[in-house]
Amino acid sequence: MATITGVGAAPLRKEDLRFLTGRGQYVADMKRLDMAIGVFVRSPHAHAVLKGIDASAALQAPGVLAVLTGQDVAADGLGSLPCGWAITGKDGVPMKEPSFPILAQGKVRFVGDMVAFVIAESIEQARAAAELVIVDYEELPAVVGVLEAVSDGAPQLYDDVPGNLCCDWALGDEAATDAAFAKAAHVARLSLINNRLIGNPMEPRAALAEYNPGNGHYTLFTTSQFPHVVRWLMSALVLKIPEQKVRVVAPDVGGGFGVKQFLYGEEAVITWAAKKVGVPVKWVSDRAEGFMSDRQGRDHVTEAELALDENGKFLGFRVHTLANMGGYLSTFGPNIPTNLYAPLLGGVYTTPAIYCNVKVVFTNTVPVDAYRGAGRPEATFVVERIVDVAAADMGIDRVELRRRNMIPKEAYPYQTPVLVEYDSGDPVGCLDRAETVADVAGFASRKAASRAAGRFRGLGYSTYVEACGLAPSRFAGRLGARGGLYESATLRVHPTGQVTVLIGTHNHGQGHETTFAQIVSERLGIPFENVDIVFGDTDKVQFGMGTYGSRSLVVGGSALNKASDKVIAKGRKIAAHLLEAGEQDIEFEAGVFSVAGTDRTKSFVEIALAAYVPHNYPLEVLEPGLEEQAYYDPINFTYPGGAHICEVEIDPDTGVVRIERYTGVDDVGTVINPMIVEGQLHGGIVQGIGQALCEAAIYDDQSGQLLSGSFMDYCMPRADMSPHMDVSTHSTPCTHTPLGVKGCGEVGTIGSPAAVINAVVDALSHLGVTHVDMPATPNRIWRVIQNATLPRALAAE
Amino acid sequence: MPISFTLNGRSRTADVPSSTLVSDLLRDHMNLTGTHVGCDTSQCGACVVLLDGEAVKSCTLLAPVLAGRSLTTIEGLAKGEKLHPMQEAFHTQHGLQCGFCTPGMVMTAIDLVNHNPVPTEAEIREGLEGNICRCTGYQNIVKAIQAGAAAMAASTTAAAA
Amino acid sequence: MRDFAYHQPATVPDAVALLGSVSESRPIAGGMTLLPTLKNRLASPSALIDLAGLPGLQSIEERSFGLAIGALARHADVARSRLVATRIPALARLAGSIGDPAVRHRGTIGGSLANNDPAADYPAAALALGARIVTNRREIPADDFFLGLFETALGPDELITGVVFPAPKRAGYAKLRNPASRYAVVGVFVAETANGIRVAMTGAGNGVVRVPEFEQALATSFAPEAVAHLRLAPDDFASDMHAEAAYRAHLASVMAARAVADALA
């Protein structure tokens with residue numbers, strides 16, 4: 001019998017060897033003998049009228065093949081970058097959807113907006129020529145913050161978008177929420193900022209495009225999380241060429257985190273340019289360029305109010321948010337602060353009435369779109385912070401307040417007042433376990449020891465839930481999605497019984513080549529080693545929606561499971577024929593087809609061979625071959641959640657926050673590979689810690705220049721500031737995914753910022769501090785202490 | 001200008017402009033693309049290689065510096081199919097996800113252990129201050145370096161025996 | 001980056017001659033500052049004069065009064081030197097805290113001093129210890145060497161060949177690092193020398209400076225408490241996205257106290 005490495009096993013990763021030996025193939029590693037190099041000329045101004053471009057000097061520079069501008073784009077009749085979501089505001093008003101040209105037309109709207117593309121024989125020639133492109137800008141006043149952008153007299157990005165307001169959107173029952181507040185014993189209030197982040201996958205974006213005049217085919221190699229969607233949107237809506245004549249390949253991709261799940265102008269320009277210059281064209285972003293062009297994340301300004309009765313039961317929750325979209329609508333842009341935000345404001349609590357209003361606002365900054373967690377970290381931060389504020393206000397222990405309002409395990413499935421129905425979960429169980437693991441009982445003595453050493457120690461909780469596994473297509477369609485959100489898998493059994501899986505998701509660090517092989521090993525009862533996973537090439541793989549929103553295992557894994565069902569069903573038919581039994585009498589277990597109650601069997605390998613050598617085979621009723629394809633469209637979102645407890649120590653002299661302990665107990669449903677899940681949790685938590693303690697995209701509010709535009713100024717978490725984490729799972733299987741999985745890619749990033757900031761505020765609570773904005777940098781903490789309402793001497797009592 | 005040096009144990013000569021960075025020399029002229037470039041401010045560490053056994057950032061090193069010296073890249077660590085103990089440890093401890101920072105991490109780790117054969121967790125975290133990983137949260141990288149250090153010590157002992 | 005000629009002189013006079021004769025030439029040692037500048041096209045010299053081949057400039061030698069360190073001694077060499085650890089341990093610790101391990105394998109003490117970055121570590125040590133910067137022409141007391149942001153007393157064709165550090169009775173260094181750039185937000189080097197207490201501060205904004213307020217206080221009592229609560233005027237400190245002036249001014253006292261504790265440890 002074959003060795004199965006299935007669900008719950010932790011085999012080492014199949015993909016490791018190539019990365020450990022320097023044999024990965026990232027886009028920047030690729031070359032063609034005759035390739036040219038492209039460099040983008042980007043706007044140095046945040047807001048300006050584009051009066052003219054003089055490329056004559058650049059065109060005469062050595063090695064230059066072409067300089068392409070917005071005029072060429074217009075002359076060729078190319079389209080603009082589409083937005084994949086059309087949300088509808090209050091009173092049925094559709095969002096404003098201004099055009100996002102692939103090279104600027106008429107105006108530039110952020111520093112980094114693309115103005116021209118210079119193609120030369122070498123990178124040095126292209127860079128030198130790019131400096132010779134003369135662009136005539138008429139500078140306009142810029143606006144970078146949402147509060148300023150919606151103010152009277154603010155600079156207007158678009159003539160037909162008054163007040164820079166893309167959409168005034170709302171969710172929930174406003175009247176019921178008002179009624180809840182009217183009868184409240186207490187109302188907790190909180191104003192907060194969710195800081196803008198830059199995803200910074202370690203591999204900068206890159207693309208290489210080639211055109212074959214012999215057959216009219218284009219090939220684009222690109223750093224993408226969803227090559228099929230790039231092909232679809234780019235061919236149909238931007239370049240207007242037949243979809244089948246474009247091949248998009250996303251080979252090894254060095255991290256995504258959302259940054260690579262959009263159609264970028266660079267991808268379209270370079271594909272178009274490859275035909276124009278007649279040689280392959282390559283572009284590799286450097287980090288500085290990534291800072292000013294990779295879509296950014298978060299950036300909310302929020303006012304929240306929580307109504308409670310005299311016992312601390314939540315009665316109603318009201319949230320007003322201004323969300324920054326940047327200068328244009330990116331692929332998923334308007335969906336993030338609306339549909340992926342407001343439905344999570346119920347948290348793990350039984351709050352009966354919730355109303356959320358989101359104003360989606362244009363500013364002269366890099367477009368904002370999904371970044372790991374996308375909307376859900378923002379929601380979790382609002383909920384989990386205001387719960388702490390309410391607890392402090394009312395003098396109720398914050399854990400006790402949470403417990404009083406948590407949805408009990410037996411109440412699932414649970415319909416919230418904001419669209420979503422949680423299928424399963426056990427927030428109380430996660431919290432219980434986290435409190436044990438975190439040794440909350442010992443916190444008081446640790447705090448006393450810190451105080452004796454002149455330091456402030458704090459404990460922070462975040463009991464959260466999120467919605468992922470994007471997404472049920474029909475549901476998403478009602479919310480404004482212009483595409484479907486199913487996933488596809490083909491299970492190709494070879495004559496030898498070896499298997500290749502073609503899957504529509506994309507692996508860029510998540511370990512799909514291992515996890516998906518485990519699913520096939522378990523389902524087909526064949527060795528894990530016999531399964532290879534292929535992804536990321538539109539010429540090899542059937543249409544798929546790609547990887548984002550913690551969907552790969554949830555949706556893609558379900559498609560693979562469904563394809564396995566189909567292979568087994570066909571195998572059963574073949575086995576019935578070979579074993580001369582009725583199909584209903586054939587059992588399949590651990591890779592062996594058998595006639596029930598007999599010792600007559602056929603192995604999976606024998607069945608595979610029979611399918612491809614159909615000599616003794618029911619050809620009249622069954623096709624030869626053993627390859628099945630499945631598309632899976634989810635029934636619901638999945639709702640992973642959990643309890644995170646963070647313990648910090650603050651040095652009041654410097655304001656430095658150190659994370660002393662970090663505990664995560666997460667419910668991600670059924671765990672396929674615990675090693676990989678743990679790794680996903682680690683990485684997610686540290687990204688959330690980065691948001692809480694150090695990361696911030698900061699723009700100059702006059703010039704609109706990005707001040708934190710390099711790793712010198714944008715603080716990426718390093719090993720020495722990252723804690724040792726104790727992560728574990730407390731799983732309730734998802735009730736509607738066939739494998740019981742819920743997704744684990746984003747939970748860490750969603751749960752952790754609130755846990756960290758709640759710990760920081762707890763550490764400073766004796767000074768009268770009730771809130772600290774992110775990131776809690778040393779300077780900010782020091783300033784908070786200086787401005788604290790209670791004098792330190794008194795507080796030390 | 002022609003530059004002769006030892007690359008992963010083999011004598012090589014490259015004729016490149018003197019302004020060529022070692023990272024570009026490796027990637028564009030030697031077809032060794034395992035050394036990655038993740039930033040332009042010498043901070044991410046994806047490009048770390050060993051120059052005469054010491055970790056250096058190849059994106060901030062001019063090719064002429066290599067003359068007469070020995071360079072080791074991620075491609076030069078394994079002996080045939082047998083991985084270097086540090087490579088093996090990154091595999092067994094799940095010390096990598098997307099793989100982009102991994103070559104620099106492994107090279108830095110080897111240098112760290114060469115100077116400090118039994119590093120503590122704090123020393124490892126401090127020693128990684130010039131390498132950024134966005135995927136792993138560092139925890140399994142730290143574990144991998146601890147395991148790799150032990151394995152390197154064991155293989156040195158074994159070789160000496 | 002733009003191409004340039006590359007010269008590898010074998011002697012200091014040759015190097016100086018090249019610097020004088022080749023227009024738009026720049027000397028390069030470890031290149032830890034110059035190369036990022038060139039990569040960002042913020043400078044484009046026609047030629048680089050590589051100093052790495054100059055003989056004898058990597059040495060770290062004991063002198064009766066202290067140490068003589070060659071200009072090409074790398075941060076890692078100074079950090080790992082037994083001699084430095086014995087004679088001026090604070091200097092070894094400082095060297096081991098510059099940049100990151102890979103940077104310390106390339107960056108040199110001469111390069112750091114010649115560059116005089118306002119947040120660099122070595123200038124604080126040189127100034128507090130009363131070092132003398134040795135060039136191909138003269139010896140320059142540290143008090144006369146540092147002239148503000150990236151400015152020094154070096155002439156156009158003058159090269160640092162070494163630094164002599166009188167060994168202090170005791171010395172200490174403390175800094176708060178910017179977690180992104182790894183440079184000091186504020187760093188303070190405290191030394192009790194034969195000529196009294198000397199305190200130098202980096203990261204404040206306008207280049208390394210001595211801090212008379214701290215020196216006077218420590219002359220009275222060489223203890224952390226003597227400086228911990230002294231407040232410098234924020235007006236003399238830079239304010240930027242990483243640190244406001246008042247915070248930097250506060251950090252100066254905190255780091256001074258910690259440097260004293262380091263010296264006493």
# chains A, B, ... in the order shown; residues from 1 in each chain; ligands from 1
call {"tool": "residues_around", "arguments": {"residues": "Gly31 (chain C)", "least_positions_apart": "6", "cutoff": "8 Å", "atoms": "only C-alpha atoms", "output": "VMD selection string"}}
result
(chain B and resid 60 to 61) or (chain C and resid 106 to 107 111)
call {"tool": "interface_residues", "arguments": {"of": "chain A", "to": "chain B", "cutoff": "8 Å", "atoms": "only C-alpha atoms", "output": "MDAnalysis selection string"}}
result
chainID A and resid 12:13 16:17 19:24 29 200:204 253:255 286:288 508:511 675:676 679:680 682:687 710:712 716:720 722:725
call {"tool": "write_last_selection", "arguments": {"atoms": "N, CA and C atoms", "output": "compact mmCIF listing (two decimals), in the first residue's frame"}}
result
# COMPACT_ATOMS: atom_id res chain seq x y z
N LEU A 12 8.06 18.19 4.63
CA LEU A 12 8.84 19.37 4.27
C LEU A 12 8.43 19.81 2.87
N ARG A 13 8.70 21.08 2.58
CA ARG A 13 8.13 21.63 1.35
C ARG A 13 8.85 21.16 0.09
N ASP A 16 11.14 23.92 -1.73
CA ASP A 16 12.33 24.51 -1.09
C ASP A 16 13.61 24.37 -1.89
N LEU A 17 13.80 23.20 -2.50
CA LEU A 17 15.13 22.89 -3.04
C LEU A 17 15.59 23.95 -4.04
N PHE A 19 14.79 27.04 -4.28
CA PHE A 19 15.09 28.33 -3.65
C PHE A 19 16.37 28.26 -2.83
N LEU A 20 16.61 27.11 -2.22
CA LEU A 20 17.79 26.98 -1.36
C LEU A 20 19.08 26.85 -2.15
N THR A 21 18.96 26.52 -3.42
CA THR A 21 20.17 26.32 -4.23
C THR A 21 20.33 27.42 -5.27
N GLY A 22 19.49 28.45 -5.19
CA GLY A 22 19.62 29.56 -6.14
C GLY A 22 19.05 29.25 -7.51
N ARG A 23 18.17 28.23 -7.58
CA ARG A 23 17.61 27.83 -8.88
C ARG A 23 16.17 28.29 -9.08
N GLY A 24 15.67 29.12 -8.20
CA GLY A 24 14.35 29.70 -8.46
C GLY A 24 14.41 30.50 -9.75
N ASP A 29 15.12 37.26 -13.25
CA ASP A 29 16.20 36.33 -13.63
C ASP A 29 16.18 35.99 -15.11
N ASN A 200 5.63 46.02 0.14
CA ASN A 200 7.05 45.66 0.02
C ASN A 200 7.34 44.16 0.05
N PRO A 201 6.77 43.38 -0.86
CA PRO A 201 7.31 42.03 -1.02
C PRO A 201 8.79 42.16 -1.35
N MET A 202 9.60 41.21 -0.92
CA MET A 202 11.05 41.41 -1.10
C MET A 202 11.46 41.40 -2.57
N GLU A 203 10.69 40.71 -3.41
CA GLU A 203 10.98 40.78 -4.84
C GLU A 203 10.27 41.99 -5.42
N PRO A 204 11.00 42.95 -5.97
CA PRO A 204 10.33 44.07 -6.63
C PRO A 204 9.57 43.57 -7.87
N VAL A 253 7.45 33.85 -7.80
CA VAL A 253 7.16 35.23 -7.42
C VAL A 253 7.56 35.39 -5.96
N GLY A 254 8.36 36.41 -5.70
CA GLY A 254 8.96 36.58 -4.38
C GLY A 254 8.09 37.37 -3.43
N GLY A 255 6.97 36.77 -3.07
CA GLY A 255 6.07 37.42 -2.12
C GLY A 255 5.07 38.31 -2.85
N ASP A 286 13.04 49.07 -9.45
CA ASP A 286 13.92 49.07 -8.29
C ASP A 286 13.07 49.42 -7.08
N ARG A 287 13.64 49.37 -5.91
CA ARG A 287 12.83 49.53 -4.70
C ARG A 287 12.23 50.94 -4.61
N ALA A 288 13.03 51.92 -5.01
CA ALA A 288 12.52 53.29 -4.94
C ALA A 288 11.28 53.44 -5.81
N HIS A 508 3.24 31.85 -4.15
CA HIS A 508 4.40 32.74 -4.03
C HIS A 508 4.86 32.78 -2.58
N GLY A 509 4.99 31.58 -2.02
CA GLY A 509 5.51 31.47 -0.65
C GLY A 509 4.61 30.67 0.26
N GLN A 510 3.38 30.41 -0.18
CA GLN A 510 2.40 29.79 0.71
C GLN A 510 2.53 28.28 0.81
N GLY A 511 3.40 27.68 0.01
CA GLY A 511 3.60 26.24 0.13
C GLY A 511 2.57 25.40 -0.60
N MET A 675 2.88 22.68 9.78
CA MET A 675 4.14 23.43 9.67
C MET A 675 3.92 24.69 8.82
N ILE A 676 3.23 24.51 7.71
CA ILE A 676 3.01 25.64 6.81
C ILE A 676 2.05 26.64 7.44
N GLY A 679 3.88 28.74 9.86
CA GLY A 679 4.70 29.73 9.15
C GLY A 679 3.87 30.90 8.66
N GLN A 680 2.68 30.62 8.15
CA GLN A 680 1.79 31.69 7.69
C GLN A 680 1.38 32.59 8.86
N HIS A 682 3.08 33.08 11.70
CA HIS A 682 4.26 33.87 12.10
C HIS A 682 4.40 35.11 11.22
N GLY A 683 4.40 34.87 9.91
CA GLY A 683 4.64 35.97 8.99
C GLY A 683 3.54 37.01 9.06
N GLY A 684 2.30 36.54 9.18
CA GLY A 684 1.18 37.47 9.25
C GLY A 684 1.24 38.31 10.51
N ILE A 685 1.56 37.67 11.61
CA ILE A 685 1.61 38.41 12.89
C ILE A 685 2.69 39.49 12.82
N VAL A 686 3.85 39.16 12.27
CA VAL A 686 4.92 40.16 12.23
C VAL A 686 4.57 41.30 11.28
N GLN A 687 3.83 41.02 10.22
CA GLN A 687 3.38 42.14 9.38
C GLN A 687 2.42 43.04 10.16
N SER A 710 12.05 54.76 1.06
CA SER A 710 13.10 53.75 0.93
C SER A 710 13.16 52.97 2.23
N PHE A 711 13.92 51.90 2.23
CA PHE A 711 14.07 51.13 3.47
C PHE A 711 14.88 51.90 4.51
N MET A 712 15.46 53.03 4.13
CA MET A 712 16.11 53.89 5.11
C MET A 712 15.06 54.60 5.98
N MET A 716 10.83 48.39 7.91
CA MET A 716 10.38 47.00 7.79
C MET A 716 10.76 46.27 9.08
N PRO A 717 9.87 45.43 9.60
CA PRO A 717 10.26 44.67 10.80
C PRO A 717 11.50 43.82 10.51
N ARG A 718 12.43 43.85 11.45
CA ARG A 718 13.64 43.02 11.34
C ARG A 718 13.59 41.95 12.41
N ALA A 719 14.55 41.06 12.33
CA ALA A 719 14.56 39.93 13.26
C ALA A 719 14.68 40.41 14.71
N ASP A 720 15.45 41.49 14.91
CA ASP A 720 15.74 41.88 16.30
C ASP A 720 14.57 42.62 16.95
N SER A 722 11.37 41.58 16.15
CA SER A 722 10.26 40.64 16.06
C SER A 722 10.33 39.67 17.23
N PRO A 723 9.18 39.35 17.81
CA PRO A 723 9.21 38.50 19.00
C PRO A 723 9.25 37.01 18.64
N HIS A 724 9.56 36.23 19.65
CA HIS A 724 9.28 34.80 19.54
C HIS A 724 7.78 34.65 19.76
N MET A 725 7.12 33.93 18.87
CA MET A 725 5.65 33.81 18.96
C MET A 725 5.26 32.39 19.32
call {"tool": "interface_residues", "arguments": {"of": "chain A", "to": "chain C", "cutoff": "12 Å", "atoms": "only C-alpha atoms", "output": "number ranges by chain"}}
result
A: 122-128, 131, 286-289, 651-657, 690, 693-700, 706-722, 775-786
call {"tool": "select_by_dssp", "arguments": {"residues": "region 530-751 of chain A", "states": "strand (DSSP E or B)", "output": "PyMOL selection string"}}
result
chain A and resi 531-534+537+586-589+592-595+601-603+627-632+638+641-651+656-667+669+699+706+725-729+741
call {"tool": "write_last_selection", "arguments": {"atoms": "C-alpha atoms", "output": "tab-separated table (two decimals), in the first residue's frame"}}
result
chain	number	residue	atom	x	y	z
A	531	VAL	CA	2.12	14.64	-7.29
A	532	ASP	CA	3.39	17.80	-8.94
A	533	ILE	CA	1.55	21.11	-8.88
A	534	VAL	CA	1.59	23.44	-11.90
A	537	ASP	CA	0.93	29.94	-16.84
A	586	ILE	CA	-16.67	-0.89	-6.01
A	587	GLU	CA	-15.04	0.60	-2.94
A	588	PHE	CA	-12.08	2.95	-3.05
A	589	GLU	CA	-9.77	3.37	-0.13
A	592	VAL	CA	-7.09	0.62	-3.98
A	593	PHE	CA	-10.32	-0.14	-5.83
A	594	SER	CA	-11.95	-3.31	-4.54
A	595	VAL	CA	-15.15	-5.27	-4.91
A	601	THR	CA	-8.71	-5.35	-6.18
A	602	LYS	CA	-7.13	-3.01	-8.68
A	603	SER	CA	-4.58	-0.44	-7.63
A	627	GLU	CA	-7.98	13.65	-16.36
A	628	GLU	CA	-10.68	15.67	-14.67
A	629	GLN	CA	-11.32	19.33	-14.22
A	630	ALA	CA	-13.44	21.07	-11.63
A	631	TYR	CA	-14.53	24.59	-10.93
A	632	TYR	CA	-15.63	25.37	-7.41
A	638	THR	CA	-15.10	31.36	5.52
A	641	GLY	CA	-10.72	33.90	13.87
A	642	GLY	CA	-8.98	33.57	17.14
A	643	ALA	CA	-7.52	35.19	20.19
A	644	HIS	CA	-4.20	37.00	20.23
A	645	ILE	CA	-2.52	38.16	23.42
A	646	CYS	CA	0.44	40.49	23.27
A	647	GLU	CA	2.63	41.49	26.19
A	648	VAL	CA	4.83	44.53	25.81
A	649	GLU	CA	7.37	46.35	27.89
A	650	ILE	CA	7.93	50.06	27.34
A	651	ASP	CA	11.09	51.93	28.19
A	656	VAL	CA	10.87	51.96	22.78
A	657	VAL	CA	8.23	49.21	22.85
A	658	ARG	CA	9.48	45.66	23.09
A	659	ILE	CA	7.17	42.71	22.56
A	660	GLU	CA	8.02	40.30	25.35
A	661	ARG	CA	5.46	37.62	24.58
A	662	TYR	CA	3.08	36.97	21.75
A	663	THR	CA	0.43	34.28	21.79
A	664	GLY	CA	-1.92	33.41	18.98
A	665	VAL	CA	-4.62	30.77	19.16
A	666	ASP	CA	-6.33	30.71	15.79
A	667	ASP	CA	-9.26	28.85	14.35
A	669	GLY	CA	-10.61	25.23	10.36
A	699	TYR	CA	3.57	61.99	2.48
A	706	LEU	CA	6.47	60.28	-0.28
A	725	MET	CA	5.65	33.81	18.96
A	726	ASP	CA	3.67	30.99	20.44
A	727	VAL	CA	1.07	30.13	17.84
A	728	SER	CA	-1.33	27.23	17.80
A	729	THR	CA	-4.68	26.34	16.35
A	741	VAL	CA	-10.62	24.54	5.82
call {"tool": "select_by_dssp", "arguments": {"residues": "region 29-64 of chain C", "states": "helix (DSSP H, G or I)", "output": "VMD selection string"}}
result
chain C and resid 34 to 39
call {"tool": "closest_atom_pairs", "arguments": {"of": "chain C", "to": "chain B", "cutoff": "6 Å", "atoms": "only C-alpha atoms", "output": "CSV"}}
result
residue,atom,partner,partner_atom,distance
C:Asp3,CA,B:Ser19,CA,5.1
C:Leu35,CA,B:Thr60,CA,6.0
C:Pro36,CA,B:Thr41,CA,6.0
C:Asp100,CA,B:Gly130,CA,5.0
C:Ala102,CA,B:Val56,CA,4.3
call {"tool": "residues_around", "arguments": {"residues": "Ala149 (chain B)", "least_positions_apart": "2", "cutoff": "9 Å", "atoms": "only C-alpha atoms", "output": "count of residues only"}}
result
19
call {"tool": "residues_around", "arguments": {"residues": "Ala754 (chain A)", "least_positions_apart": "6", "cutoff": "9 Å", "atoms": "only C-alpha atoms", "output": "short mmCIF file (atom, residue, chain, number, x, y, z; two decimals) with all heavy atoms, in the first residue's frame"}}
result
data_model
loop_
_atom_site.label_atom_id
_atom_site.label_comp_id
_atom_site.auth_asym_id
_atom_site.auth_seq_id
_atom_site.Cartn_x
_atom_site.Cartn_y
_atom_site.Cartn_z
N PRO A 377 -8.21 43.94 8.69
CA PRO A 377 -7.41 44.46 9.81
C PRO A 377 -7.94 45.81 10.29
O PRO A 377 -7.93 46.10 11.50
CB PRO A 377 -6.01 44.63 9.21
CG PRO A 377 -5.97 43.75 8.03
CD PRO A 377 -7.37 43.72 7.50
N THR A 380 -11.07 45.06 12.37
CA THR A 380 -10.69 44.45 13.64
C THR A 380 -10.09 45.47 14.58
O THR A 380 -10.36 45.46 15.79
CB THR A 380 -9.69 43.29 13.39
OG1 THR A 380 -10.33 42.32 12.57
CG2 THR A 380 -9.23 42.66 14.68
N PHE A 381 -9.30 46.36 14.02
CA PHE A 381 -8.65 47.37 14.87
C PHE A 381 -9.70 48.28 15.50
O PHE A 381 -9.62 48.59 16.70
CB PHE A 381 -7.65 48.19 14.04
CG PHE A 381 -6.76 49.05 14.88
CD1 PHE A 381 -5.78 48.49 15.69
CD2 PHE A 381 -6.89 50.43 14.87
CE1 PHE A 381 -4.97 49.29 16.48
CE2 PHE A 381 -6.07 51.23 15.65
CZ PHE A 381 -5.11 50.66 16.45
N VAL A 382 -10.70 48.68 14.75
CA VAL A 382 -11.75 49.54 15.29
C VAL A 382 -12.51 48.79 16.40
O VAL A 382 -12.71 49.32 17.51
CB VAL A 382 -12.73 49.98 14.18
CG1 VAL A 382 -13.88 50.79 14.79
CG2 VAL A 382 -12.02 50.80 13.12
N VAL A 383 -12.92 47.57 16.10
CA VAL A 383 -13.73 46.82 17.06
C VAL A 383 -12.95 46.53 18.34
O VAL A 383 -13.40 46.81 19.46
CB VAL A 383 -14.21 45.49 16.43
CG1 VAL A 383 -14.93 44.63 17.48
CG2 VAL A 383 -15.11 45.75 15.24
N GLU A 384 -11.76 45.97 18.17
CA GLU A 384 -11.01 45.52 19.35
C GLU A 384 -10.44 46.68 20.17
O GLU A 384 -10.22 46.55 21.37
CB GLU A 384 -9.91 44.55 18.92
CG GLU A 384 -10.48 43.20 18.47
CD GLU A 384 -11.31 42.56 19.57
OE1 GLU A 384 -10.76 42.22 20.62
OE2 GLU A 384 -12.54 42.42 19.38
N ARG A 385 -10.26 47.82 19.54
CA ARG A 385 -9.83 48.99 20.31
C ARG A 385 -11.00 49.58 21.11
O ARG A 385 -10.87 49.93 22.27
CB ARG A 385 -9.30 50.09 19.36
CG ARG A 385 -7.87 50.03 18.97
CD ARG A 385 -6.87 50.69 19.91
NE ARG A 385 -6.98 50.39 21.31
CZ ARG A 385 -7.14 51.26 22.27
NH1 ARG A 385 -7.23 52.54 22.01
NH2 ARG A 385 -7.21 50.89 23.52
N GLY A 460 -2.25 43.02 26.00
CA GLY A 460 -3.30 43.42 25.05
C GLY A 460 -3.97 42.21 24.43
O GLY A 460 -3.31 41.21 24.14
N TYR A 461 -5.28 42.33 24.25
CA TYR A 461 -6.07 41.25 23.68
C TYR A 461 -6.63 41.67 22.33
O TYR A 461 -6.99 42.83 22.13
CB TYR A 461 -7.26 40.91 24.58
CG TYR A 461 -6.89 40.23 25.88
CD1 TYR A 461 -6.36 40.97 26.94
CD2 TYR A 461 -7.08 38.87 26.05
CE1 TYR A 461 -6.03 40.36 28.13
CE2 TYR A 461 -6.77 38.24 27.25
CZ TYR A 461 -6.24 38.99 28.29
OH TYR A 461 -5.91 38.38 29.47
N SER A 462 -6.75 40.70 21.47
CA SER A 462 -7.51 40.89 20.24
C SER A 462 -8.23 39.59 19.97
O SER A 462 -7.61 38.56 19.69
CB SER A 462 -6.57 41.26 19.09
OG SER A 462 -7.25 41.26 17.87
N HIS A 644 -5.62 36.66 20.15
CA HIS A 644 -4.20 37.00 20.23
C HIS A 644 -3.96 37.78 21.52
O HIS A 644 -4.75 38.67 21.87
CB HIS A 644 -3.77 37.84 19.04
CG HIS A 644 -3.64 37.06 17.77
ND1 HIS A 644 -2.86 37.44 16.72
CD2 HIS A 644 -4.20 35.88 17.40
CE1 HIS A 644 -2.93 36.54 15.75
NE2 HIS A 644 -3.75 35.59 16.13
N GLY A 688 1.59 42.43 10.99
CA GLY A 688 0.70 43.24 11.82
C GLY A 688 1.46 44.02 12.88
O GLY A 688 1.12 45.17 13.19
N ALA A 692 1.67 48.03 13.63
CA ALA A 692 1.43 48.58 14.96
C ALA A 692 2.61 49.40 15.47
O ALA A 692 2.42 50.40 16.14
CB ALA A 692 1.11 47.45 15.94
#
call {"tool": "residues_around", "arguments": {"residues": "Asp14 (chain C)", "least_positions_apart": "6", "cutoff": "12 Å", "atoms": "only C-alpha atoms", "output": "list in words"}}
result
His7, Gln8, Gly20, Ser21, Val22, Ile49, Asp50, Leu51, Gly53, Leu54, Pro55, Asn136, Asp157, Glu158 and Leu159 of chain C
call {"tool": "closest_atom_pairs", "arguments": {"of": "region 252-343 of chain A", "to": "region 164-181 of chain A", "cutoff": "7 Å", "atoms": "only C-alpha atoms", "output": "JSON lines"}}
result
{"residue": "A:Ala307", "atom": "CA", "partner": "A:Phe181", "partner_atom": "CA", "distance": 5.4}
{"residue": "A:Leu315", "atom": "CA", "partner": "A:Ala180", "partner_atom": "CA", "distance": 5.5}
{"residue": "A:Gly316", "atom": "CA", "partner": "A:Ala180", "partner_atom": "CA", "distance": 5.3}
{"residue": "A:Phe317", "atom": "CA", "partner": "A:Thr177", "partner_atom": "CA", "distance": 6.8}
{"residue": "A:Ala342", "atom": "CA", "partner": "A:Leu171", "partner_atom": "CA", "distance": 6.8}
call {"tool": "residues_around", "arguments": {"residues": "Phe5 (chain B)", "least_positions_apart": "3", "cutoff": "8 Å", "atoms": "only C-alpha atoms", "output": "list of chain:residue names"}}
result
B:Ser11, B:Arg12, B:Thr13, B:Leu66, B:Ala67, B:Gly68, B:Arg69, B:Ser70, B:Leu71
call {"tool": "residues_around", "arguments": {"residues": "Asp121 (chain C)", "least_positions_apart": "6", "cutoff": "10 Å", "atoms": "only C-alpha atoms", "output": "list of chain:residue names"}}
result
C:Leu91, C:Leu94, C:Ala95, C:Ser97, C:Ile98, C:Gly99, C:Ile109, C:Ser112, C:Leu113, C:Tyr173, C:Ala174, C:Lys175, C:Tyr183, C:Ala184, C:Val186, C:Gly187, C:Val188, C:Phe189, C:Met201, C:Thr202, C:Gly203, C:Val208
